[in-house]
Structures are given as structure tokens and as C-alpha cells.
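Scroll down for the structure; my scribbles are underneath it.
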Amino acid sequence: MSLATNPFTATREGERHAVYARLAAEGPVHQVTLPTGRVVWMVTGHAETRELLSDPRLVKGGWRLGPYAHELPEDVARGIHSHMLLSDPPDHTRLRRLVTGAFTRRRVERLAPRIEATTARLLDAIEGEETADLVAALAYPLPMDVICDLLGIPDDNRESFRTWTQVVVSPGMSPFEVYERANLEFLDFTRELIAAKRAAPQDDLLSALIAARDGDERLSEQELTSMVYLLVIAGHETTVNLIANSILALLTHPDQLALLRAEPERIDNAIEELLRYDGPLQNTLTYLTKEPIEVGGTTIPEGVGVVVSLLAANRDFPQGDRLDITRDDVTHTAFGHGLHYCLGAPLARLEGRIALEALFARFPGLRLDVPAGSLTRTPSVLMNGLDALPVRLR
């Protein structure tokens, strides 16, 4: 795949979807080279994606299959990659059960008033302005505040996370030394935070994870640090993109925004359609085939890496490139599918709904401050995020 047709480095707005559409038109299976240099098979077909993500012959392989697992010091690789998204049953079953016990619906629902208050505070801060960047002003700080509150991360540590997460979610997009340093700093911070919570537990998710037990089972130290790593990234970066992408989609489809304003009860269905139309993730983490798998007429060999393109699959059907918040029975894989379906999906949906409702109610004249085609996307294999979203507030 040449640079001109590489979705990972396609940064101009609209270009990434165009690249994936061309790939999908050529067939549902492709060989691509990741920025780390690894050659993998990419699946872009809608039906093939859902089928493959439920296929037990596609496995994760554990921490050794994480990005740069063999280049990083082993204690670092184990400390960041020993989480659910790189685990298979029975380890995955045990990890998910332990985390689900702490990540309760009650805990998520209890966050709604705080999410509403944080959203109102962030919008208050730009109330008197003519223009704003809604990534910096809303889409980034809201989910960061929420996940840090949930985990119990002190306010004065939160600014460092943006620097770390932007690097660690895009392996291969920066020099290895930069990637390694960001992971080392993130891991050192996490270890110190766990030690503090263990000494003085509080009413937060991290304290609950430290104490979580299922019979004699509990999270190991590497699993704890990896779980924080996963939750901060999955609970933050993906929701940033959900919010910003949704705002952009509605601003560039004024008929859909007008319909949502006229019929606000459509908000839940609108969130699903927005997730399908321009989701927060491009691709899954790499899987491994434990035996040959036939996909769309192509046999993917045993023992090779596979990434599933969620972004491509979500538009790979008739009129898939059209935004329609009235679409019945919206089916998407924006949060994955099958065994590794995102545990935090309900929280992301809640944040997205609250943010969109509050923003468009507060600023009825909201519009883009630059042509949509001049916006840029951050280079990445995993994430599908905007660098900035400049708007005119009135």
C-alpha cells in the first residue's frame, strides 16, 4: 500500500474514508504494512468483519503480540500489554469478569450529573467567545475529566496524559525512542498511583480494581497497570473522537442537525448513526490466526497478523456513506464486536449524548469557522480523530 493510498497517514478531511472505500471496493481482504513495519492482513468488508470478530480461530496471543512488545523492556511490555484487549480465554474471561464487577452500571449512571456539570463548565468558558476549537475546549477535556474522576486520578496529573496517550495510541507514527519514553513515563506514574491507592483506598474505580476478587482470583500487578493503561486510552481517546466527529458530521449535514433540533427524542438513534458514519476507531489491535481462515474467498494463512477495519466496515453497504439519523436498526462495529466488545461503550454513549445536547442547545448558531476540507486528521492506525475543530459560536 503506497503512501498515496495509506489510510493511516491520510490526514486531509474525507481522505481516510475515501481510501478505505477504494480498498473495500477492491475486495474485503488486503495485505498492508503497519507503520511499525509489520505486514498484516486487513479485513474491510461489513459482513466479513462481524463474522471474523466472532470467529474463535482469530486470537489475541497475549502481551507478546502488543505493539513493540519485543523491542520494549519485558517489564514495560508486560506492564502495558497484559490487558483484556490482548488476552484470550480463559485469561480474558477472568480479566473481564474482575473488571466488570468494579465497572458497574450504577457507577456509570452515577457519573451523569458530573458529566452534565463538567460539560456546562466547559461551555461556560467559551460562552463569550466568537470562535473556539471544540477539540481543545470540549471533546478532549470532558472525557479526560470523566475517566480521571472514575479512576480517582488527581487533577494535577491529568495534563500529562494527553502527551502520553497521543504517542502510545499511534505506535510507529513517532520514533521508537519517543514511544518508549511515553510508555515508561505512563507506567511509572501508574505504579505510583496504584501504590498510593493501595495505602489509602478511596471510592473510585482504581481502588475497586485493586480490591476486586473473584474467588481466589485477583488482578496481578502487571494486569493492574495494563488495565489503567487500557481504561485511560479507551475511556478517553475514543470518546474525544466520538464527540468531535459527531459535531463535525452534524455541522456538515445541516438537514440532519435541523431534524435533531426539531425532534430531540431522536438523540439515541442519532448517536448510533454518528458512530457508524464516522466512528472513533479505524482498526482493531492486531489479531493472530491460529489456523487458516477463509474470508470473502481469500484464505488468510495460519500464524499471521490480522487487523479488522471498523471504519471501513461501517460504510461497506448500500448508502453507507450517507448520514441518516432516521436510519432504522443501525448496525455498526464502532465499539468492536464479539468477545472484545468495548466494556466502556455505555459511558461513551452517555458522554456523547450529554455533550451534543448541551452544545447545540447553548449555541444555536454554531457553524464551522473553516471549510471542512481544510480540517486534518491525526495519523494513526487505531484512532480516527481530528487535530482541531474550529467553529464560530454565533
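Here's how to read the names in the C-alpha cells: chain A, B, ... by the order shown, residue numbers from 1 in each chain, ligand numbers from 1 in the order shown.
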Can you list every residue in region 223-359 of chain A that DSSP puts in alpha helix (DSSP H), as a ChimeraX atom specification? /A:223-251,254-262,267-277,310-313,345-359
Contact residues around region 7-20 of chain A with only C-alpha atoms at 7 Å, ignoring same-chain residues under 4 positions, as a PyMOL selection string: chain A and resi 24+312+372-381
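Proximity of A:Trp164, A:Phe363, A:Tyr229, A:Phe176 to His83 (chain A), computed with only C-alpha atoms, is greatest for A:Tyr229.
By only C-alpha atoms, and with residues fewer than 2 positions from region 241-255 of chain A along its chain excluded, the set lying at most 8 Å from it is Leu134, Val135, Ala139, Glu237, Thr238, Thr239, Leu257, Ala258, Leu259, Ile271, Leu274, Leu275, Asp278, Gly279, Pro280, Leu323, Ala348, Gly352, Ala355, Leu356, Leu366, Arg367, Leu368, Ala372, Met383, Asn384, Gly385, Leu386 and Leu389 of chain A.
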Can you write just those residues out, C-alpha atoms, as a tab-separated table (two decimals), in the first residue's frame?
chain	number	residue	atom	x	y	z
A	134	LEU	CA	-14.10	22.29	20.10
A	135	VAL	CA	-11.46	19.56	20.37
A	139	ALA	CA	-14.13	16.98	23.13
A	237	GLU	CA	-9.14	8.91	23.28
A	238	THR	CA	-12.12	7.09	21.76
A	239	THR	CA	-14.65	9.42	23.40
A	257	LEU	CA	-28.89	18.75	12.62
A	258	ALA	CA	-32.17	20.57	11.94
A	259	LEU	CA	-34.07	17.30	12.26
A	271	ILE	CA	-25.60	8.69	18.39
A	274	LEU	CA	-22.95	9.02	14.07
A	275	LEU	CA	-20.85	6.17	15.48
A	278	ASP	CA	-17.58	8.37	11.37
A	279	GLY	CA	-16.57	6.25	14.34
A	280	PRO	CA	-13.75	6.93	16.80
A	323	LEU	CA	-25.62	10.17	7.23
A	348	ALA	CA	-19.01	6.77	25.85
A	352	GLY	CA	-21.59	11.83	23.65
A	355	ALA	CA	-22.11	16.81	25.11
A	356	LEU	CA	-24.12	17.10	21.88
A	366	LEU	CA	-22.91	27.12	15.77
A	367	ARG	CA	-21.08	26.59	12.46
A	368	LEU	CA	-17.64	25.68	11.15
A	372	ALA	CA	-14.49	21.26	6.17
A	383	MET	CA	-7.69	6.14	16.13
A	384	ASN	CA	-9.85	8.28	13.84
A	385	GLY	CA	-9.55	11.74	15.37
A	386	LEU	CA	-9.46	15.37	14.31
A	389	LEU	CA	-12.37	21.59	15.17
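With only C-alpha atoms as the atoms that count, the residue of A:Val32, A:Arg38, A:Ala234, A:Asp75 with the shortest distance to Asp188 (chain A) is A:Asp75.
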Within 12 Å of Met84 (chain A), counting only C-alpha atoms, which residues show up once you throw out same-chain ones fewer than 3 positions away? Write them as a PDB file with C-alpha atoms, in the first residue's frame, please.
ATOM      1  CA  VAL A  59      -6.950 -14.919  18.738  1.00  0.00           C
ATOM      2  CA  LYS A  60      -5.017 -12.191  20.543  1.00  0.00           C
ATOM      3  CA  GLY A  61      -1.991 -14.139  21.717  1.00  0.00           C
ATOM      4  CA  GLY A  62      -1.268 -12.244  24.951  1.00  0.00           C
ATOM      5  CA  TRP A  63       1.093  -9.400  25.813  1.00  0.00           C
ATOM      6  CA  GLY A  66       1.281  -5.923  21.715  1.00  0.00           C
ATOM      7  CA  ILE A  80       1.227  -2.119  29.477  1.00  0.00           C
ATOM      8  CA  HIS A  81       0.067  -5.076  27.354  1.00  0.00           C
ATOM      9  CA  SER A  87      -5.959 -11.656  26.061  1.00  0.00           C
ATOM     10  CA  ASP A  88      -7.794 -14.842  25.108  1.00  0.00           C
ATOM     11  CA  PRO A  89      -9.991 -17.105  27.242  1.00  0.00           C
ATOM     12  CA  PRO A  90      -9.576 -18.173  29.959  1.00  0.00           C
ATOM     13  CA  ASP A  91      -7.424 -15.118  30.851  1.00  0.00           C
ATOM     14  CA  HIS A  92      -9.780 -12.755  29.034  1.00  0.00           C
ATOM     15  CA  THR A  93     -12.791 -14.249  30.805  1.00  0.00           C
ATOM     16  CA  ARG A  94     -11.142 -13.794  34.200  1.00  0.00           C
ATOM     17  CA  LEU A  95      -9.963 -10.222  33.490  1.00  0.00           C
ATOM     18  CA  ARG A  96     -13.283  -9.066  32.089  1.00  0.00           C
ATOM     19  CA  ARG A  97     -15.194 -10.618  34.984  1.00  0.00           C
ATOM     20  CA  LEU A  98     -12.979  -8.886  37.536  1.00  0.00           C
ATOM     21  CA  VAL A  99     -13.282  -5.513  35.813  1.00  0.00           C
ATOM     22  CA  THR A 100     -16.998  -5.816  35.120  1.00  0.00           C
ATOM     23  CA  LEU A 219      -5.540  -8.779  39.163  1.00  0.00           C
ATOM     24  CA  GLN A 222       1.059  -6.183  35.522  1.00  0.00           C
ATOM     25  CA  GLU A 223      -2.663  -6.642  34.902  1.00  0.00           C
ATOM     26  CA  LEU A 224      -3.479  -3.676  37.135  1.00  0.00           C
ATOM     27  CA  SER A 226      -2.220  -2.567  31.998  1.00  0.00           C
ATOM     28  CA  MET A 227      -5.854  -2.096  32.973  1.00  0.00           C
ATOM     29  CA  VAL A 228      -5.235   1.545  33.890  1.00  0.00           C
ATOM     30  CA  TYR A 229      -3.367   1.952  30.598  1.00  0.00           C
ATOM     31  CA  LEU A 230      -6.307   0.454  28.690  1.00  0.00           C
ATOM     32  CA  LEU A 231      -9.044   2.330  30.555  1.00  0.00           C
ATOM     33  CA  ALA A 234     -10.133   3.503  25.703  1.00  0.00           C
ATOM     34  CA  LEU A 285      -5.480  -4.112  17.553  1.00  0.00           C
ATOM     35  CA  LEU A 339     -15.628 -11.255  22.683  1.00  0.00           C
ATOM     36  CA  HIS A 340     -13.760  -7.934  22.800  1.00  0.00           C
ATOM     37  CA  TYR A 341     -16.756  -5.594  22.537  1.00  0.00           C
ATOM     38  CA  CYS A 342     -15.907  -2.380  24.407  1.00  0.00           C
ATOM     39  CA  LEU A 343     -16.781  -2.554  28.094  1.00  0.00           C
TER      40      LEU A 343
END
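Between Gln319 (chain A) and the candidates A:Asn183, A:Glu265, A:Ala21, A:Arg394, the tightest atom-to-atom separation, counting only C-alpha atoms, involves A:Ala21.
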Which of these, A:Asp268, A:Glu294, A:Glu357, A:Asp369, has the shortest distance to Val43 (chain A) once you count only C-alpha atoms? A:Glu294
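Atom pair CA of Lys197 (chain A) / CA of Pro154 (chain A) has a distance of 11.3 Å (rounded to one decimal).
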Quick one: of A:Leu23, A:Ile354, A:Ser170, A:Pro28, who's nearest to Thr49 (chain A), counting only C-alpha atoms? A:Pro28
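Note that the spacing between CA of Ile293 (chain A) and CA of Leu65 (chain A) amounts to 19.2 Å.
Between CA of Leu150 (chain A) and CA of Val167 (chain A) there is a distance of 22.7 Å.
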For Gly303 (chain A), which residue out of A:Arg218, A:Arg315, A:Lys290, A:Arg107 is the nearest one, using only C-alpha atoms? A:Lys290
Near Val29 (chain A), counting only C-alpha atoms, which residues have an atom at most 9 Å away, once you skip same-chain residues fewer than 3 positions from it, shown as an MDAnalysis selection string? chainID A and resid 23:24 26 41:45 48 295:298 300
Polymer residues at most 10 Å from Ala120 (chain A), only C-alpha atoms, same-chain spacing of 4 or more positions, as JSON, numbers by chain: {"A": [114, 115, 116, 124, 125, 138, 354, 355, 358, 359, 362]}
